[in-house]
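Structure file input.cif (mmCIF, C-alpha atoms) is printed below.
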```
data_entry
loop_
_atom_site.label_atom_id
_atom_site.label_comp_id
_atom_site.auth_asym_id
_atom_site.auth_seq_id
_atom_site.Cartn_x
_atom_site.Cartn_y
_atom_site.Cartn_z
CA MET C 1 9.18 40.06 9.17
CA ALA C 2 12.81 40.98 9.62
CA GLN C 3 15.46 39.44 7.44
CA VAL C 4 18.45 38.06 9.28
CA SER C 5 21.81 37.35 7.65
CA SER C 6 23.93 34.38 8.47
CA THR C 7 27.09 35.00 10.44
CA SER C 8 27.85 31.41 11.23
CA ASN C 9 31.59 30.80 11.09
CA GLU C 10 31.27 27.07 11.74
CA GLN C 11 30.58 26.32 8.09
CA SER C 12 33.39 25.45 5.73
CA SER C 13 34.41 27.73 2.90
CA THR C 14 32.81 25.36 0.34
CA ALA C 15 29.34 26.02 1.74
CA LYS C 16 26.73 27.72 -0.40
CA SER C 17 23.85 29.66 1.03
CA ILE C 18 20.08 29.74 0.61
CA THR C 19 17.28 31.88 1.87
CA LEU C 20 15.26 29.86 4.34
CA LYS C 21 11.71 31.17 4.69
CA ILE C 22 10.06 29.88 7.83
CA SER C 23 6.35 30.26 8.45
CA ARG C 24 5.79 31.81 11.87
CA TYR C 25 2.41 31.55 13.53
CA ASN C 26 1.26 31.40 17.10
CA PRO C 27 -2.50 30.76 17.27
CA GLU C 28 -2.62 32.34 20.71
CA HIS C 29 -1.85 35.85 19.50
CA ASP C 30 -1.32 35.88 15.69
CA GLU C 31 -4.16 36.39 13.25
CA SER C 32 -2.29 34.84 10.35
CA SER C 33 1.06 33.31 9.55
CA GLN C 34 4.02 35.35 8.34
CA PHE C 35 7.30 34.30 6.80
CA MET C 36 10.61 35.07 8.44
CA GLU C 37 13.67 34.90 6.21
CA PHE C 38 17.11 33.68 7.16
CA ASN C 39 20.26 33.36 5.13
CA VAL C 40 21.64 29.91 5.87
CA LYS C 41 24.82 28.27 4.66
CA TYR C 42 24.65 24.64 3.62
CA GLU C 43 26.76 21.78 2.33
CA LYS C 44 25.52 19.23 -0.17
CA TRP C 45 24.58 16.90 2.68
CA THR C 46 22.77 19.51 4.79
CA THR C 47 19.12 18.66 5.43
CA VAL C 48 16.30 21.13 5.82
CA LEU C 49 15.99 20.11 9.47
CA GLU C 50 19.66 20.94 10.06
CA ALA C 51 19.12 24.34 8.45
CA ILE C 52 16.14 25.01 10.73
CA LEU C 53 18.16 23.93 13.77
CA ASP C 54 20.96 26.23 12.58
CA VAL C 55 18.46 29.08 12.60
CA LYS C 56 17.35 28.12 16.11
CA LYS C 57 20.95 27.97 17.28
CA HIS C 58 22.23 31.20 15.77
CA PHE C 59 19.30 33.50 15.02
CA ASP C 60 15.99 32.75 16.67
CA HIS C 61 15.60 30.04 19.26
CA SER C 62 11.83 30.59 19.38
CA VAL C 63 11.19 28.83 16.06
CA ALA C 64 8.94 25.88 16.93
CA VAL C 65 9.75 22.61 15.20
CA ARG C 66 9.16 19.00 16.24
CA TYR C 67 11.94 16.48 15.56
CA SER C 68 13.62 13.54 17.17
CA CYS C 69 15.52 10.81 15.31
CA ARG C 70 16.91 12.83 12.34
CA GLN C 71 16.86 9.66 10.21
CA ALA C 72 13.31 9.35 8.85
CA THR C 73 12.26 6.86 11.47
CA CYS C 74 10.27 8.75 14.10
CA GLY C 75 7.98 10.64 11.72
CA SER C 76 8.11 13.85 13.74
CA CYS C 77 9.47 16.47 11.35
CA GLY C 78 6.89 16.43 8.55
CA MET C 79 6.29 19.85 7.03
CA ILE C 80 5.55 21.55 3.73
CA ILE C 81 8.90 22.17 2.04
CA ASN C 82 8.74 24.21 -1.14
CA GLY C 83 5.06 23.42 -1.50
CA LYS C 84 5.13 19.65 -0.92
CA PRO C 85 4.84 17.59 2.25
CA ARG C 86 8.24 16.09 3.15
CA LEU C 87 10.27 15.03 6.16
CA ALA C 88 12.71 17.83 6.99
CA CYS C 89 15.35 15.33 8.14
CA PHE C 90 15.02 13.34 4.90
CA THR C 91 15.19 16.30 2.51
CA LYS C 92 18.58 17.64 1.49
CA ILE C 93 18.67 21.31 0.57
CA SER C 94 20.88 20.49 -2.41
CA GLU C 95 18.19 18.18 -3.81
CA LEU C 96 15.60 20.96 -3.82
CA ASP C 97 17.55 22.80 -6.51
CA SER C 98 16.36 26.21 -5.34
CA ASP C 99 17.94 29.28 -3.80
CA VAL C 100 14.88 29.79 -1.65
CA VAL C 101 13.57 27.07 0.65
CA THR C 102 10.14 27.69 2.13
CA VAL C 103 8.99 25.68 5.13
CA GLU C 104 5.43 25.70 6.41
CA PRO C 105 3.41 23.53 8.80
CA MET C 106 1.68 20.52 7.25
CA ASN C 107 -1.72 21.16 5.75
CA ASN C 108 -4.83 19.51 7.19
CA PHE C 109 -3.38 19.46 10.71
CA PRO C 110 -4.11 22.09 13.39
CA VAL C 111 -1.06 24.27 14.02
CA ILE C 112 0.40 24.31 17.51
CA ARG C 113 3.00 26.93 16.63
CA ASP C 114 5.19 27.69 13.60
CA LEU C 115 6.07 24.29 12.09
CA ALA C 116 4.66 22.05 14.81
CA VAL C 117 1.20 20.56 14.24
CA LYS C 118 -1.21 18.50 16.33
CA PHE C 119 -1.30 14.78 15.57
CA GLU C 120 -4.28 13.89 17.76
CA LYS C 121 -6.69 13.26 14.87
CA LEU C 122 -4.12 11.18 12.98
CA PHE C 123 -3.52 8.99 16.01
CA ASP C 124 -7.26 8.79 16.77
CA SER C 125 -7.97 7.60 13.23
CA HIS C 126 -5.09 5.15 13.44
CA GLN C 127 -6.38 3.78 16.72
CA LYS C 128 -9.92 3.60 15.33
CA ILE C 129 -9.04 0.91 12.80
CA LYS C 130 -7.65 -1.36 15.54
CA PRO C 131 -3.96 -1.42 14.58
CA TYR C 132 -3.10 -4.71 16.22
CA LEU C 133 -3.56 -8.40 15.58
CA ILE C 134 -6.97 -9.64 16.63
CA ARG C 135 -7.22 -13.32 17.52
CA ASP C 136 -9.19 -15.50 19.86
CA ASP C 137 -6.05 -17.32 20.94
CA THR C 138 -2.75 -15.73 21.91
CA GLU C 139 0.94 -16.61 21.78
CA LEU C 140 0.84 -17.37 25.48
CA VAL C 141 -1.53 -20.32 25.13
CA SER C 142 -0.44 -21.53 21.72
CA ASP C 143 1.58 -24.76 21.66
CA GLU C 144 3.80 -23.43 18.87
CA LYS C 145 4.29 -20.09 20.64
CA GLU C 146 4.54 -18.44 17.24
CA PHE C 147 2.22 -17.65 14.40
CA LEU C 148 4.28 -18.87 11.49
CA GLN C 149 4.02 -17.15 8.13
CA THR C 150 5.47 -17.93 4.75
CA PRO C 151 7.61 -15.24 3.07
CA GLU C 152 4.75 -14.78 0.59
CA GLU C 153 2.33 -14.06 3.42
CA VAL C 154 4.73 -11.52 4.89
CA GLU C 155 5.06 -9.80 1.50
CA GLN C 156 1.33 -9.12 1.54
CA TYR C 157 1.58 -6.56 4.34
CA ILE C 158 5.22 -5.79 5.20
CA GLN C 159 5.29 -2.75 2.92
CA PHE C 160 2.43 -1.19 4.85
CA ALA C 161 4.06 -1.99 8.19
CA ASN C 162 6.74 0.59 7.29
CA CYS C 163 4.37 3.44 8.14
CA ILE C 164 5.99 5.86 10.61
CA LYS C 165 2.81 7.93 11.11
CA CYS C 166 4.44 11.13 9.92
CA GLY C 167 1.16 12.42 8.44
CA LEU C 168 2.59 13.46 5.06
CA CYS C 169 -0.03 11.36 3.23
CA ASN C 170 -2.88 13.03 5.10
CA SER C 171 -1.35 16.42 4.33
CA ALA C 172 -1.17 15.70 0.57
CA CYS C 173 -4.62 14.09 0.29
CA PRO C 174 -7.15 16.22 -1.64
CA THR C 175 -10.06 14.70 0.28
CA MET C 176 -8.45 15.56 3.61
CA ALA C 177 -8.21 19.15 2.31
CA THR C 178 -11.98 19.56 2.48
CA ASP C 179 -13.45 16.73 4.55
CA SER C 180 -12.84 17.02 8.29
CA SER C 181 -14.46 13.63 8.95
CA PHE C 182 -12.45 11.60 6.42
CA VAL C 183 -10.48 8.87 8.15
CA GLY C 184 -7.47 9.56 5.91
CA PRO C 185 -5.01 7.52 3.82
CA GLN C 186 -2.76 6.70 6.77
CA ALA C 187 -5.46 4.88 8.72
CA LEU C 188 -6.93 3.22 5.62
CA ALA C 189 -3.52 1.88 4.58
CA GLN C 190 -3.04 0.53 8.09
CA ALA C 191 -6.45 -1.13 7.90
CA TYR C 192 -5.18 -2.97 4.83
CA ARG C 193 -1.94 -3.82 6.63
CA TYR C 194 -3.85 -5.81 9.26
CA VAL C 195 -6.53 -7.21 6.95
CA ALA C 196 -3.77 -8.59 4.71
CA ASP C 197 -1.93 -10.17 7.65
CA SER C 198 -2.57 -13.92 7.66
CA ARG C 199 -2.31 -14.00 11.46
CA ASP C 200 -5.12 -11.51 11.94
CA LYS C 201 -8.75 -12.52 12.42
CA GLY C 202 -10.27 -9.07 12.87
CA LYS C 203 -11.08 -8.40 9.24
CA ASP C 204 -14.85 -8.08 9.65
CA SER C 205 -14.70 -5.61 12.51
CA ARG C 206 -12.17 -3.43 10.64
CA LEU C 207 -14.13 -3.44 7.41
CA LYS C 208 -17.24 -2.39 9.34
CA ILE C 209 -15.33 0.64 10.65
CA ILE C 210 -14.04 1.84 7.29
CA ASP C 211 -17.23 1.01 5.34
CA ASP C 212 -18.52 4.52 5.88
CA SER C 213 -19.33 7.56 3.74
CA HIS C 214 -16.30 9.29 5.30
CA GLY C 215 -14.29 6.08 5.24
CA ILE C 216 -12.80 4.17 2.35
CA TRP C 217 -15.41 5.35 -0.18
CA ARG C 218 -14.15 8.93 0.12
CA CYS C 219 -10.81 8.02 -1.46
CA HIS C 220 -10.78 9.04 -5.12
CA PHE C 221 -7.43 7.50 -6.01
CA ALA C 222 -5.61 10.78 -6.67
CA GLY C 223 -2.45 9.01 -5.48
CA SER C 224 -0.82 12.05 -3.87
CA CYS C 225 -0.47 10.15 -0.59
CA SER C 226 1.79 7.58 -2.23
CA GLN C 227 3.89 10.21 -3.96
CA VAL C 228 4.86 11.92 -0.71
CA CYS C 229 5.34 8.85 1.49
CA PRO C 230 8.98 8.85 2.67
CA LYS C 231 8.95 5.11 3.50
CA GLY C 232 7.49 3.63 0.30
CA VAL C 233 4.27 2.55 2.00
CA ASP C 234 2.11 3.42 -1.05
CA PRO C 235 -1.14 4.04 0.84
CA ALA C 236 -3.07 4.41 -2.44
CA MET C 237 -2.26 0.82 -3.35
CA GLY C 238 -3.37 -0.50 0.03
CA ILE C 239 -6.62 1.46 -0.11
CA GLN C 240 -7.47 0.26 -3.63
CA LEU C 241 -6.63 -3.35 -2.77
CA LEU C 242 -8.81 -3.11 0.31
CA ARG C 243 -11.65 -1.55 -1.65
CA GLY C 244 -11.25 -4.18 -4.35
CA TYR C 245 -11.73 -6.79 -1.66
CA MET C 246 -14.82 -5.00 -0.32
CA LEU C 247 -16.28 -4.68 -3.83
CA GLY C 248 -15.67 -8.34 -4.53
CA PHE C 249 -13.01 -7.75 -7.20
CA ARG C 250 -10.44 -9.58 -5.09
CA SER C 251 -10.47 -12.57 -2.81
CA MET Y 1 -15.00 24.39 8.43
CA PRO Y 2 -13.20 25.28 11.66
CA GLN Y 3 -10.30 27.64 11.06
CA ASP Y 4 -7.93 25.89 13.42
CA GLU Y 5 -7.89 22.69 11.36
CA HIS Y 6 -5.53 24.37 8.88
CA LYS Y 7 -7.27 22.68 5.95
CA GLU Y 8 -6.04 23.40 2.45
CA GLY Y 9 -9.64 23.80 1.33
CA ILE Y 10 -11.03 23.80 -2.20
CA GLY Y 11 -8.00 25.73 -3.48
CA GLY Y 12 -5.61 23.05 -2.29
CA MET Y 13 -7.84 20.27 -3.54
CA MET Y 14 -8.03 21.87 -6.99
CA ASN Y 15 -4.32 22.69 -7.27
CA PRO Y 16 -2.96 20.32 -9.96
CA THR Y 17 0.63 21.53 -9.98
CA ARG Y 18 2.35 19.57 -7.24
CA TYR Y 19 1.66 15.87 -7.62
CA GLY Y 20 2.04 14.98 -11.27
CA ILE Y 21 -0.40 13.87 -13.94
CA GLU Y 22 -2.50 11.85 -11.47
CA ARG Y 23 -3.56 15.02 -9.71
CA VAL Y 24 -4.30 16.68 -13.07
CA ALA Y 25 -6.56 13.74 -13.91
CA TYR Y 26 -8.19 14.09 -10.49
CA LEU Y 27 -9.00 17.74 -11.21
CA LEU Y 28 -10.19 17.12 -14.78
CA MET Y 29 -12.41 14.30 -13.54
CA ARG Y 30 -14.14 16.63 -11.13
CA LEU Y 31 -14.46 19.50 -13.59
CA SER Y 32 -15.78 17.24 -16.36
CA GLY Y 33 -18.22 15.62 -13.94
CA LEU Y 34 -19.60 18.97 -12.85
CA GLY Y 35 -19.67 20.15 -16.48
CA LEU Y 36 -21.62 17.09 -17.60
CA LEU Y 37 -24.03 17.53 -14.71
CA ALA Y 38 -24.61 21.13 -15.79
CA TYR Y 39 -25.05 19.97 -19.39
CA PHE Y 40 -27.55 17.34 -18.26
CA VAL Y 41 -29.68 20.00 -16.57
CA ALA Y 42 -29.36 22.29 -19.61
CA HIS Y 43 -30.23 19.39 -21.89
CA ILE Y 44 -33.45 18.73 -19.98
CA TYR Y 45 -34.31 22.41 -20.31
CA GLU Y 46 -33.44 22.31 -24.02
CA THR Y 47 -35.61 19.28 -24.78
CA SER Y 48 -38.47 20.69 -22.71
CA ASN Y 49 -38.79 23.36 -25.40
CA ILE Y 50 -40.55 20.80 -27.55
CA LEU Y 51 -43.61 21.63 -25.45
CA ARG Y 52 -43.61 25.03 -27.21
CA GLY Y 53 -44.34 23.31 -30.49
CA GLN Y 54 -42.28 23.01 -33.66
CA VAL Y 55 -41.59 26.72 -33.97
CA GLY Y 56 -40.33 27.02 -30.40
CA TRP Y 57 -38.27 23.89 -30.78
CA ASN Y 58 -36.63 25.13 -33.98
CA GLU Y 59 -35.94 28.52 -32.41
CA PHE Y 60 -34.09 26.93 -29.54
CA LEU Y 61 -32.17 24.54 -31.79
CA GLU Y 62 -30.83 27.53 -33.71
CA LEU Y 63 -28.88 28.46 -30.58
CA THR Y 64 -26.79 25.33 -31.02
CA GLN Y 65 -26.09 26.13 -34.66
CA THR Y 66 -23.95 29.16 -33.83
CA THR Y 67 -20.15 29.20 -33.49
CA GLU Y 68 -20.49 29.49 -29.72
CA GLY Y 69 -22.96 26.61 -29.71
CA HIS Y 70 -20.57 24.42 -31.69
CA LEU Y 71 -17.68 25.23 -29.35
CA PHE Y 72 -19.87 24.48 -26.33
CA LEU Y 73 -20.88 21.11 -27.76
CA ALA Y 74 -17.23 20.31 -28.61
CA ILE Y 75 -16.34 20.93 -24.95
CA VAL Y 76 -19.22 18.68 -23.90
CA ILE Y 77 -17.91 15.94 -26.20
CA ALA Y 78 -14.41 16.29 -24.72
CA MET Y 79 -15.76 16.18 -21.16
CA CYS Y 80 -17.88 13.15 -21.95
CA VAL Y 81 -15.01 11.18 -23.52
CA PHE Y 82 -12.50 12.10 -20.82
CA HIS Y 83 -14.92 11.31 -18.01
CA THR Y 84 -15.80 7.95 -19.56
CA VAL Y 85 -12.29 6.72 -20.36
CA ASN Y 86 -10.68 8.05 -17.18
CA GLY Y 87 -13.69 6.81 -15.21
CA ILE Y 88 -13.05 3.27 -16.45
CA ARG Y 89 -9.42 3.62 -15.34
CA VAL Y 90 -10.44 4.90 -11.92
CA MET Y 91 -13.09 2.21 -11.48
CA LEU Y 92 -10.58 -0.51 -12.29
CA GLY Y 93 -8.14 1.10 -9.86
CA HIS Y 94 -10.83 1.23 -7.18
CA GLY Y 95 -11.24 -2.48 -7.66
CA GLY Y 96 -7.53 -2.98 -7.08
CA VAL Y 97 -6.89 -3.72 -10.76
CA GLY Y 98 -3.57 -2.50 -12.14
CA VAL Y 99 -2.36 -0.90 -8.91
CA GLY Y 100 0.58 -3.26 -8.46
CA LYS Y 101 1.32 -5.91 -5.87
CA PRO Y 102 2.54 -5.38 -2.32
CA ALA Y 103 6.30 -5.89 -2.02
CA ARG Y 104 9.22 -4.76 0.10
CA PRO Y 105 9.86 -1.19 -1.08
CA ASP Y 106 13.29 -0.12 -2.29
CA TYR Y 107 14.64 3.42 -2.25
CA PRO Y 108 13.71 5.81 -3.92
CA TYR Y 109 10.31 4.27 -3.27
CA ASP Y 110 8.52 4.88 -6.55
CA PRO Y 111 4.91 4.04 -5.72
CA ALA Y 112 3.72 0.99 -7.65
CA SER Y 113 0.15 2.28 -7.70
CA GLN Y 114 1.26 5.23 -9.84
CA ASN Y 115 2.54 2.92 -12.55
CA TYR Y 116 2.82 3.30 -16.32
CA ARG Y 117 -0.51 1.56 -16.93
CA HIS Y 118 -2.40 4.27 -15.10
CA LYS Y 119 -0.30 7.03 -16.64
CA ILE Y 120 -1.06 5.62 -20.11
CA GLY Y 121 -4.73 5.52 -19.13
CA ILE Y 122 -4.67 9.19 -18.13
CA TYR Y 123 -2.81 10.38 -21.21
CA SER Y 124 -5.09 8.24 -23.41
CA SER Y 125 -8.14 9.87 -21.82
CA ILE Y 126 -6.81 13.34 -22.58
CA VAL Y 127 -5.78 12.49 -26.14
CA LEU Y 128 -9.06 10.72 -26.94
CA ALA Y 129 -11.03 13.65 -25.51
CA ALA Y 130 -9.08 16.06 -27.70
CA VAL Y 131 -9.50 13.89 -30.80
CA ALA Y 132 -13.24 13.49 -30.17
CA ALA Y 133 -13.67 17.23 -29.69
CA MET Y 134 -11.77 17.95 -32.90
CA TYR Y 135 -13.85 15.38 -34.78
CA GLY Y 136 -16.99 16.99 -33.39
CA LEU Y 137 -15.81 20.42 -34.50
CA ALA Y 138 -15.00 19.07 -37.96
CA VAL Y 139 -18.50 17.61 -38.27
CA MET Y 140 -20.28 20.67 -36.89
CA PHE Y 141 -18.33 23.28 -38.83
CA GLY Y 142 -18.17 21.09 -41.92
CA GLU Y 143 -21.93 21.13 -42.42
#
```
Take the structure I supplied and represent it as structure tokens, if you would.
Amino acid sequence: MAQVSSTSNEQSSTAKSITLKISRYNPEHDESSQFMEFNVKYEKWTTVLEAILDVKKHFDHSVAVRYSCRQATCGSCGMIINGKPRLACFTKISELDSDVVTVEPMNNFPVIRDLAVKFEKLFDSHQKIKPYLIRDDTELVSDEKEFLQTPEEVEQYIQFANCIKCGLCNSACPTMATDSSFVGPQALAQAYRYVADSRDKGKDSRLKIIDDSHGIWRCHFAGSCSQVCPKGVDPAMGIQLLRGYMLGFRS
Amino acid sequence: MPQDEHKEGIGGMMNPTRYGIERVAYLLMRLSGLGLLAYFVAHIYETSNILRGQVGWNEFLELTQTTEGHLFLAIVIAMCVFHTVNGIRVMLGHGGVGVGKPARPDYPYDPASQNYRHKIGIYSSIVLAAVAAMYGLAVMFGE
């Protein structure tokens, strides 16, 4: 596709420039994806998302990208940046140490257009493992009105509660790369998050859901999910701890 | 596999270059597993030659006494040792052993499950496989 040069005069004179290669693909009329190159100026604090938005503002407004919070909280802007799944808003161009930055849609997710992918399956899998506290009683009828926990009990799951459902773990997972039915590291880590919560009583029903040939037993502990997680959730740890519990290694 | 799922496929699954030594171990584990399965089938065929009598058996055994045969067996030894040692590491990991404890993560969020114990396990598997293969070669070529 055509190469476009930067003419932005809003950047300061200290700005360097990189070639930003954006994967363009519209499933409605394109047979395959193609890269479009843009010359973009950046400062040391410029993120990949800001560079993409710069392209949209100055060169091609039709580039499709999903984003919202710009601070690694909403989980919307996951994409493949220089070959690895990352959040565009959480990745500084200067940290990539490359004159060429390539952005592609996340693997293992259907492409809507360009860099935007469908999250339906991720959310379906997440919903499948019942991501909420299951109890017979509720706060409304409890005399204490709270389910008290010790700091140690909170430590058991709080790391996994940081998940922002960005899908990077599912994109990096080698099992997800070939198995369309695999529930995925995101949902499995969230299953552990609730099983490990001392307030929750839905352990048996959750374990029944993930005890499947395309469930927890499909994880082979490659660990790529944990390496790409932008929030330190470490899904691989949660999955192994959960499996250790199911195998009887752990109480 | 439906095209619109945008799956990485076998090529992405087999690519060991992006996620460190853990993904290399993941690939080697699969390759050595398939290799040992192929060897197992070949081994059954090999031993079935005993039905051809002593002459047939000796004829087939001569195939393993060539340079190519020695190299093939050295690779089998390496695959066997790597698959065993790394398999023990993976089995322990699957049981939640040595994967760290849940804790509030601090930036830059180094995953506790990818800790030095598992890295040592992976490197040990590779080194032991190489040593075993070299020992096998020394024995076979030293005859």
Find the residues of chain C that sit at most 6 Å from chain Y; for each, write down the nearest two atoms and how far apart they are in Å, to one decimal. Count all atoms listed in the file. Sort by chain, then by number going up, and give it as a Markdown table.
```
| residue | atom | partner | partner_atom | distance |
| --- | --- | --- | --- | --- |
| C:Asn107 | CA | Y:Lys7 | CA | 5.8 |
| C:Asn108 | CA | Y:Lys7 | CA | 4.2 |
| C:Phe109 | CA | Y:Glu5 | CA | 5.6 |
| C:Pro110 | CA | Y:Glu5 | CA | 4.3 |
| C:Glu155 | CA | Y:Ala103 | CA | 5.4 |
| C:Gln156 | CA | Y:Pro102 | CA | 5.5 |
| C:Gln159 | CA | Y:Arg104 | CA | 5.2 |
| C:Pro174 | CA | Y:Met13 | CA | 4.5 |
| C:Ala177 | CA | Y:Glu8 | CA | 4.8 |
| C:Thr178 | CA | Y:Gly9 | CA | 5.0 |
| C:Ala222 | CA | Y:Arg23 | CA | 5.6 |
| C:Ser224 | CA | Y:Tyr19 | CA | 5.9 |
| C:Ser226 | CA | Y:Pro111 | CA | 5.9 |
| C:Gly232 | CA | Y:Tyr109 | CA | 4.6 |
| C:Asp234 | CA | Y:Pro111 | CA | 5.5 |
| C:Met237 | CA | Y:Ser113 | CA | 5.2 |
| C:Gln240 | CA | Y:Gly96 | CA | 4.7 |
| C:Leu241 | CA | Y:Gly96 | CA | 4.4 |
| C:Gly244 | CA | Y:Gly95 | CA | 3.7 |
| C:Phe249 | CA | Y:Gly95 | CA | 5.6 |
```
Would you kindly return, as an MDAnalysis selection string, each protein, DNA or RNA residue with an atom no farther than 6 Å from any atom of range 61-74 of chain C, considering all atoms listed in the file and excluding same-chain residues fewer than 2 positions away?
chainID C and resid 56 76:77 89:90 114:116
Apply the PyMOL selection byres ((chain C and resi 170) around 7) to the structure shown and report the selected residues as a VMD selection string.
chain C and resid 167 to 169 171 to 173 176 184 to 186 225
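Shortest separation to Arg135 in chain C among C:Gln34, C:Gln227, C:Ser198, C:Ser181 occurs at residue C:Ser198, atoms counted being all atoms listed in the file.
Taking CA of Ile129 in chain C and CA of Tyr192 in chain C as endpoints, the distance between them is 9.7 Å.
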Residue contacts of range 39-55 of chain C (9 Å, only C-alpha atoms) excluding same-chain residues fewer than 2 positions away, as a PyMOL selection string:
chain C and resi 3-8+11-12+14-22+37+57-61+63+65+67+70+77+81+87-95+101+103
Got a sec: who's within 10 Å of Pro131 in chain C, counting all atoms listed in the file, leaving out chain neighbours fewer than 5 positions off, as a list in words?
Ser125, His126, Ala187, Gln190, Ala191, Tyr192, Arg193, Tyr194, Val195 and Arg206 of chain C
Chain and number of each residue from the PyMOL selection byres ((chain C and resi 207) around 9), as a count of residues only:
14
